[in-house]
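Enquirer: The following block contains the structure, expressed as structure tokens.
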Amino acid sequence: MNNTVDVINFHLTEKCNYMCAYCFAKFNNEQEFTVEEWIKTVDIVNEYFKKNAILNGRINLAGGEPLVVNYLDELIDYINSLDIKVSIITNISLLTKEKIRAWIGKVDTIGISIDSLNRETNLLIGRHSNGKTIEISDLLEILNIAKENNIKIKINTVVSKFNLHEDISSLYKQIRFDRIKLLQVRFNNDCNESAINYGISSNEFNEYSSQLKSYDGIIIESEDMMECSYVIIDPKGNLISNKGNIHKKIGSVFETNLEELIAIAEINYKTFMKRYQTEKGVNR
Ligand code: SF4
């Protein structure tokens, strides 16, 4: 695969029931796409995949929190109808056993974002809804249903000043994740500049990651590796570049051909490939 992308992130909404201090999912749109507009966007992505002979393309549904939108299942069904893989990134607080069962055979991978196993830390970060934080026993029950039904699970952990000295690996021992991603907290001037207050140095991130690097399926992403290596479509259908610590709108998928937008976005294909190659055999 040369200079094409086979994983595209739909940030369906900025809305979220959590309020993480370093959340970067802010895109400054007055309105967000309707399900009809997302369905048209799926068609656009499908055309792009077909034109570029991409057989294992995947659409990753993210947010904000994708489970707050009321059309999520309709969109999943539509993506499935085109034989495109679906993954979902969620803070898991709204995920239920019933929902997981409804996704069997439809959702390839569920990615959960868990930054800490400690309630106090989660409260400090803002990873709570009215003081309610995630209960690990509930989490394990839900994830086990996913695993038993061949839905892959991955975990994303943002490493910041909040959790730098915590050990999350006890969770890895309780459930086998298909992929583990550690991300150095990153700030963007236009959406989460206060994240700089919770930033950690490269050395600190390397030290944290080195303790976990022996786990299967681990991907370690320093903040510079995130630059221009994700294909992001914002809640209003704009392709977004995150070059130089800024979210820049490259253009609307309804106004400009997706291939052209991706070309203008200066994707770093080397970093893109490095991340998703690690998934080969796992996510595709
Ligand atoms: S859970 Fe994710 S989307 Fe929600 S506030 Fe936290 S970082 Fe942002």
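Chain identifiers are assigned as A, B, and so on, following the order in which chains appear in the structure tokens; residues are numbered from 1 within each chain, and ligands are numbered from 1 in order of appearance.
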For ligand 1, list the contacting residues at 12 Å or closer, counting only C-alpha atoms and all ligand atoms, as a PyMOL selection string.

Expert: chain A and resi 11-27+61-68+89-94+111-115+122-129+133-134+156-159+183+185-187+191-192+195

Enquirer: Neighbours of region 142-155 of chain A within 7 Å (only C-alpha atoms; same-chain residues fewer than 4 positions away dropped), as a list in words?

Expert: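 Returned residues: Thr96, Lys97, Ile100, Ile104, Val107, Asp108, Thr109, Ile110, Gly111, Ile112, Ser113, Ile114, Asp138, Phe177, Asp178, Arg179, Ile180 and Lys181 of chain A.
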
Enquirer: With C-alpha atoms retained, could you export that selection as a PDB file, in the first residue's frame?

Expert:
```pdb
ATOM      1  CA  THR A  96     -23.640  -2.278  28.141  1.00  0.00           C
ATOM      2  CA  LYS A  97     -23.699  -6.047  27.783  1.00  0.00           C
ATOM      3  CA  ILE A 100     -21.975  -5.583  22.943  1.00  0.00           C
ATOM      4  CA  ILE A 104     -21.555  -9.277  17.450  1.00  0.00           C
ATOM      5  CA  VAL A 107     -18.071  -4.518  14.968  1.00  0.00           C
ATOM      6  CA  ASP A 108     -14.555  -5.744  14.346  1.00  0.00           C
ATOM      7  CA  THR A 109     -12.827  -3.987  17.237  1.00  0.00           C
ATOM      8  CA  ILE A 110     -13.802  -2.030  20.312  1.00  0.00           C
ATOM      9  CA  GLY A 111     -11.140   0.355  21.521  1.00  0.00           C
ATOM     10  CA  ILE A 112     -11.490   1.532  25.082  1.00  0.00           C
ATOM     11  CA  SER A 113      -9.779   4.547  26.540  1.00  0.00           C
ATOM     12  CA  ILE A 114      -8.589   3.888  30.069  1.00  0.00           C
ATOM     13  CA  ASP A 138     -18.038  -4.042  35.163  1.00  0.00           C
ATOM     14  CA  PHE A 177      -6.026  -7.103  24.767  1.00  0.00           C
ATOM     15  CA  ASP A 178      -5.491  -7.551  21.058  1.00  0.00           C
ATOM     16  CA  ARG A 179      -3.733  -4.229  20.988  1.00  0.00           C
ATOM     17  CA  ILE A 180      -2.396  -1.888  23.630  1.00  0.00           C
ATOM     18  CA  LYS A 181      -1.621   1.694  22.721  1.00  0.00           C
TER      19      LYS A 181
END
```

Enquirer: Taking only C-alpha atoms into account, name the residue in A:Lys85, A:Lys236, A:Lys99, A:Lys40 that is nearest to Gly57 (chain A).

Expert: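 Result for the nearest residue to Gly57 (chain A): A:Lys85.
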
Enquirer: Could you give me, as a PyMOL selection string, each residue of region 28-116 of chain A that DSSP assigns to strand (DSSP E or B) when run on this structure's backbone?

Expert: chain A and resi 58-62+85-90+109-113

Enquirer: Grab the residues selected above and save them as a tab-separated table (two decimals), in the first residue's frame with all heavy atoms.

Expert:
```tsv
chain	number	residue	atom	x	y	z
A	58	ARG	N	-11.07	0.14	6.84
A	58	ARG	CA	-11.78	0.20	8.13
A	58	ARG	C	-12.17	1.64	8.43
A	58	ARG	O	-11.40	2.57	8.17
A	58	ARG	CB	-10.87	-0.36	9.23
A	58	ARG	CG	-11.41	-0.21	10.63
A	58	ARG	CD	-10.72	-1.17	11.60
A	58	ARG	NE	-9.31	-0.92	11.78
A	58	ARG	CZ	-8.81	-0.07	12.69
A	58	ARG	NH1	-9.61	0.63	13.45
A	58	ARG	NH2	-7.51	0.06	12.80
A	59	ILE	N	-13.38	1.79	8.96
A	59	ILE	CA	-13.81	3.10	9.46
A	59	ILE	C	-13.85	3.01	10.97
A	59	ILE	O	-14.48	2.10	11.54
A	59	ILE	CB	-15.18	3.51	8.88
A	59	ILE	CG1	-15.05	3.77	7.37
A	59	ILE	CG2	-15.72	4.75	9.60
A	59	ILE	CD1	-16.37	4.12	6.67
A	60	ASN	N	-13.16	3.92	11.61
A	60	ASN	CA	-13.10	3.96	13.07
A	60	ASN	C	-14.04	5.05	13.57
A	60	ASN	O	-13.88	6.22	13.21
A	60	ASN	CB	-11.65	4.24	13.50
A	60	ASN	CG	-11.48	4.14	14.99
A	60	ASN	OD1	-12.02	3.24	15.63
A	60	ASN	ND2	-10.76	5.09	15.56
A	61	LEU	N	-15.02	4.66	14.37
A	61	LEU	CA	-16.01	5.63	14.86
A	61	LEU	C	-15.56	6.15	16.21
A	61	LEU	O	-15.42	5.39	17.17
A	61	LEU	CB	-17.38	4.97	14.95
A	61	LEU	CG	-17.90	4.37	13.62
A	61	LEU	CD1	-19.24	3.67	13.83
A	61	LEU	CD2	-18.02	5.44	12.53
A	62	ALA	N	-15.31	7.45	16.26
A	62	ALA	CA	-14.76	8.06	17.47
A	62	ALA	C	-15.57	9.30	17.80
A	62	ALA	O	-16.58	9.61	17.18
A	62	ALA	CB	-13.29	8.39	17.25
A	85	LYS	N	-14.88	-2.66	7.34
A	85	LYS	CA	-14.79	-2.99	8.78
A	85	LYS	C	-15.11	-1.77	9.64
A	85	LYS	O	-14.83	-0.64	9.24
A	85	LYS	CB	-13.39	-3.48	9.11
A	85	LYS	CG	-13.12	-4.87	8.62
A	85	LYS	CD	-11.79	-5.36	9.13
A	85	LYS	CE	-11.57	-6.78	8.63
A	85	LYS	NZ	-10.27	-7.28	9.01
A	86	VAL	N	-15.65	-2.07	10.83
A	86	VAL	CA	-16.01	-1.00	11.77
A	86	VAL	C	-15.24	-1.21	13.07
A	86	VAL	O	-15.23	-2.32	13.62
A	86	VAL	CB	-17.52	-1.04	12.12
A	86	VAL	CG1	-17.87	0.08	13.09
A	86	VAL	CG2	-18.38	-0.97	10.88
A	87	SER	N	-14.64	-0.14	13.55
A	87	SER	CA	-14.14	-0.16	14.93
A	87	SER	C	-14.70	1.06	15.65
A	87	SER	O	-15.12	2.02	15.01
A	87	SER	CB	-12.61	-0.20	14.97
A	87	SER	OG	-12.08	0.88	14.24
A	88	ILE	N	-14.72	0.97	16.97
A	88	ILE	CA	-15.31	2.04	17.77
A	88	ILE	C	-14.36	2.36	18.92
A	88	ILE	O	-13.85	1.44	19.57
A	88	ILE	CB	-16.68	1.59	18.35
A	88	ILE	CG1	-17.65	1.31	17.20
A	88	ILE	CG2	-17.26	2.65	19.29
A	88	ILE	CD1	-18.96	0.70	17.64
A	89	ILE	N	-14.14	3.63	19.15
A	89	ILE	CA	-13.34	4.04	20.31
A	89	ILE	C	-14.29	4.66	21.33
A	89	ILE	O	-15.00	5.61	21.01
A	89	ILE	CB	-12.30	5.12	19.92
A	89	ILE	CG1	-11.30	4.56	18.91
A	89	ILE	CG2	-11.57	5.64	21.16
A	89	ILE	CD1	-10.31	3.61	19.48
A	90	THR	N	-14.29	4.12	22.53
A	90	THR	CA	-15.24	4.59	23.53
A	90	THR	C	-14.59	4.71	24.90
A	90	THR	O	-13.63	3.99	25.19
A	90	THR	CB	-16.45	3.62	23.60
A	90	THR	OG1	-17.27	3.98	24.71
A	90	THR	CG2	-16.04	2.17	23.77
A	109	THR	N	-13.67	-4.30	16.08
A	109	THR	CA	-12.83	-3.99	17.24
A	109	THR	C	-13.47	-2.90	18.09
A	109	THR	O	-13.99	-1.91	17.55
A	109	THR	CB	-11.44	-3.46	16.77
A	109	THR	OG1	-10.86	-4.42	15.89
A	109	THR	CG2	-10.50	-3.23	17.94
A	110	ILE	N	-13.40	-3.09	19.39
A	110	ILE	CA	-13.80	-2.03	20.31
A	110	ILE	C	-12.52	-1.53	20.98
A	110	ILE	O	-11.78	-2.32	21.58
A	110	ILE	CB	-14.79	-2.53	21.38
A	110	ILE	CG1	-16.07	-3.02	20.72
A	110	ILE	CG2	-15.09	-1.44	22.40
A	110	ILE	CD1	-17.03	-3.71	21.67
A	111	GLY	N	-12.29	-0.25	20.85
A	111	GLY	CA	-11.14	0.36	21.52
A	111	GLY	C	-11.64	1.11	22.74
A	111	GLY	O	-12.59	1.89	22.65
A	112	ILE	N	-11.05	0.83	23.88
A	112	ILE	CA	-11.49	1.53	25.08
A	112	ILE	C	-10.38	2.47	25.53
A	112	ILE	O	-9.20	2.17	25.40
A	112	ILE	CB	-11.86	0.55	26.22
A	112	ILE	CG1	-10.66	-0.34	26.60
A	112	ILE	CG2	-13.03	-0.32	25.80
A	112	ILE	CD1	-10.89	-1.06	27.91
A	113	SER	N	-10.79	3.63	26.01
A	113	SER	CA	-9.78	4.55	26.54
A	113	SER	C	-9.82	4.48	28.06
A	113	SER	O	-10.85	4.77	28.68
A	113	SER	CB	-10.01	5.97	26.02
A	113	SER	OG	-11.32	6.39	26.30
```

Enquirer: With distances taken over only C-alpha atoms, which of A:Thr41, A:Ser116, A:Leu72, A:Thr34 is nearest to Thr256 (chain A)?

Expert: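 Counting only C-alpha atoms, the residue closest to Thr256 (chain A) is A:Thr41.
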
Enquirer: Name the residues of region 51-123 of chain A that fall into alpha helix (DSSP H) according to DSSP on the backbone, using the chain letters and numbers of this document, as a PyMOL selection string.

Expert: chain A and resi 51+72-81+97-102+119-123

Enquirer: From the list A:Val45, A:Ile200, A:Leu261, A:Cys228, which residue is nearest Val7 (chain A) when using only C-alpha atoms?

Expert: A:Val45

Enquirer: Within 10 Å of Lys270 (chain A), counting only C-alpha atoms, which residues qualify if same-chain residues fewer than 4 places away don't, as a VMD selection string?

Expert: chain A and resid 2 to 3 225 229 274 to 275

Enquirer: Can I get the selected residues back with all heavy atoms, as a CSV table (one decimal), in the first residue's frame?

Expert:
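Ended up saving to again-v4.csv:
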```csv
chain,number,residue,atom,x,y,z
A,2,ASN,N,0.8,2.0,-1.1
A,2,ASN,CA,1.7,3.2,-1.2
A,2,ASN,C,0.9,4.4,-1.2
A,2,ASN,O,0.0,4.6,-2.0
A,2,ASN,CB,2.6,3.2,-2.4
A,2,ASN,CG,3.6,2.1,-2.3
A,2,ASN,OD1,4.2,1.9,-1.2
A,2,ASN,ND2,3.9,1.4,-3.4
A,3,ASN,N,1.1,5.3,-0.2
A,3,ASN,CA,0.5,6.6,-0.1
A,3,ASN,C,-1.1,6.5,-0.3
A,3,ASN,O,-1.7,7.4,-1.0
A,3,ASN,CB,1.1,7.6,-1.2
A,3,ASN,CG,2.5,7.9,-0.8
A,3,ASN,OD1,3.0,7.4,0.2
A,3,ASN,ND2,3.1,8.8,-1.5
A,225,MET,N,4.9,11.4,17.0
A,225,MET,CA,4.4,10.3,16.1
A,225,MET,C,3.0,10.5,15.7
A,225,MET,O,2.5,9.9,14.7
A,225,MET,CB,4.6,8.9,16.7
A,225,MET,CG,6.1,8.5,16.7
A,225,MET,SD,6.3,7.0,17.5
A,225,MET,CE,5.5,5.8,16.4
A,229,SER,N,-0.5,11.6,11.3
A,229,SER,CA,-0.5,10.1,11.0
A,229,SER,C,-1.9,9.5,11.2
A,229,SER,O,-2.0,8.3,11.2
A,229,SER,CB,0.6,9.4,11.9
A,229,SER,OG,0.2,9.5,13.2
A,274,LYS,N,3.4,2.3,10.2
A,274,LYS,CA,4.1,1.7,11.4
A,274,LYS,C,3.0,1.3,12.4
A,274,LYS,O,3.0,0.2,12.9
A,274,LYS,CB,5.1,2.7,12.0
A,274,LYS,CG,6.0,2.0,13.0
A,274,LYS,CD,7.1,2.9,13.4
A,274,LYS,CE,7.9,2.2,14.5
A,274,LYS,NZ,8.6,3.1,15.3
A,275,ARG,N,2.1,2.2,12.6
A,275,ARG,CA,1.0,2.0,13.6
A,275,ARG,C,0.1,0.8,13.1
A,275,ARG,O,-0.1,-0.1,13.8
A,275,ARG,CB,0.1,3.2,13.8
A,275,ARG,CG,-1.1,2.9,14.7
A,275,ARG,CD,-2.0,4.1,14.8
A,275,ARG,NE,-1.4,5.3,15.0
A,275,ARG,CZ,-1.4,6.3,14.2
A,275,ARG,NH1,-2.0,6.3,13.0
A,275,ARG,NH2,-0.7,7.4,14.4
```

Enquirer: Report as a ChimeraX atom specification all protein, DNA and RNA residues lying within 9 Å of Leu171 (chain A), evaluated on only C-alpha atoms, omitting residues in the same chain fewer than 4 positions from it.

Expert: /A:117,136,140,175-176

Enquirer: Given the choices A:Asp83, A:Val5, A:Asn46, A:Ile168, which gets closest to Thr271 (chain A) if the distance is worked out from only C-alpha atoms?

Expert: A:Val5
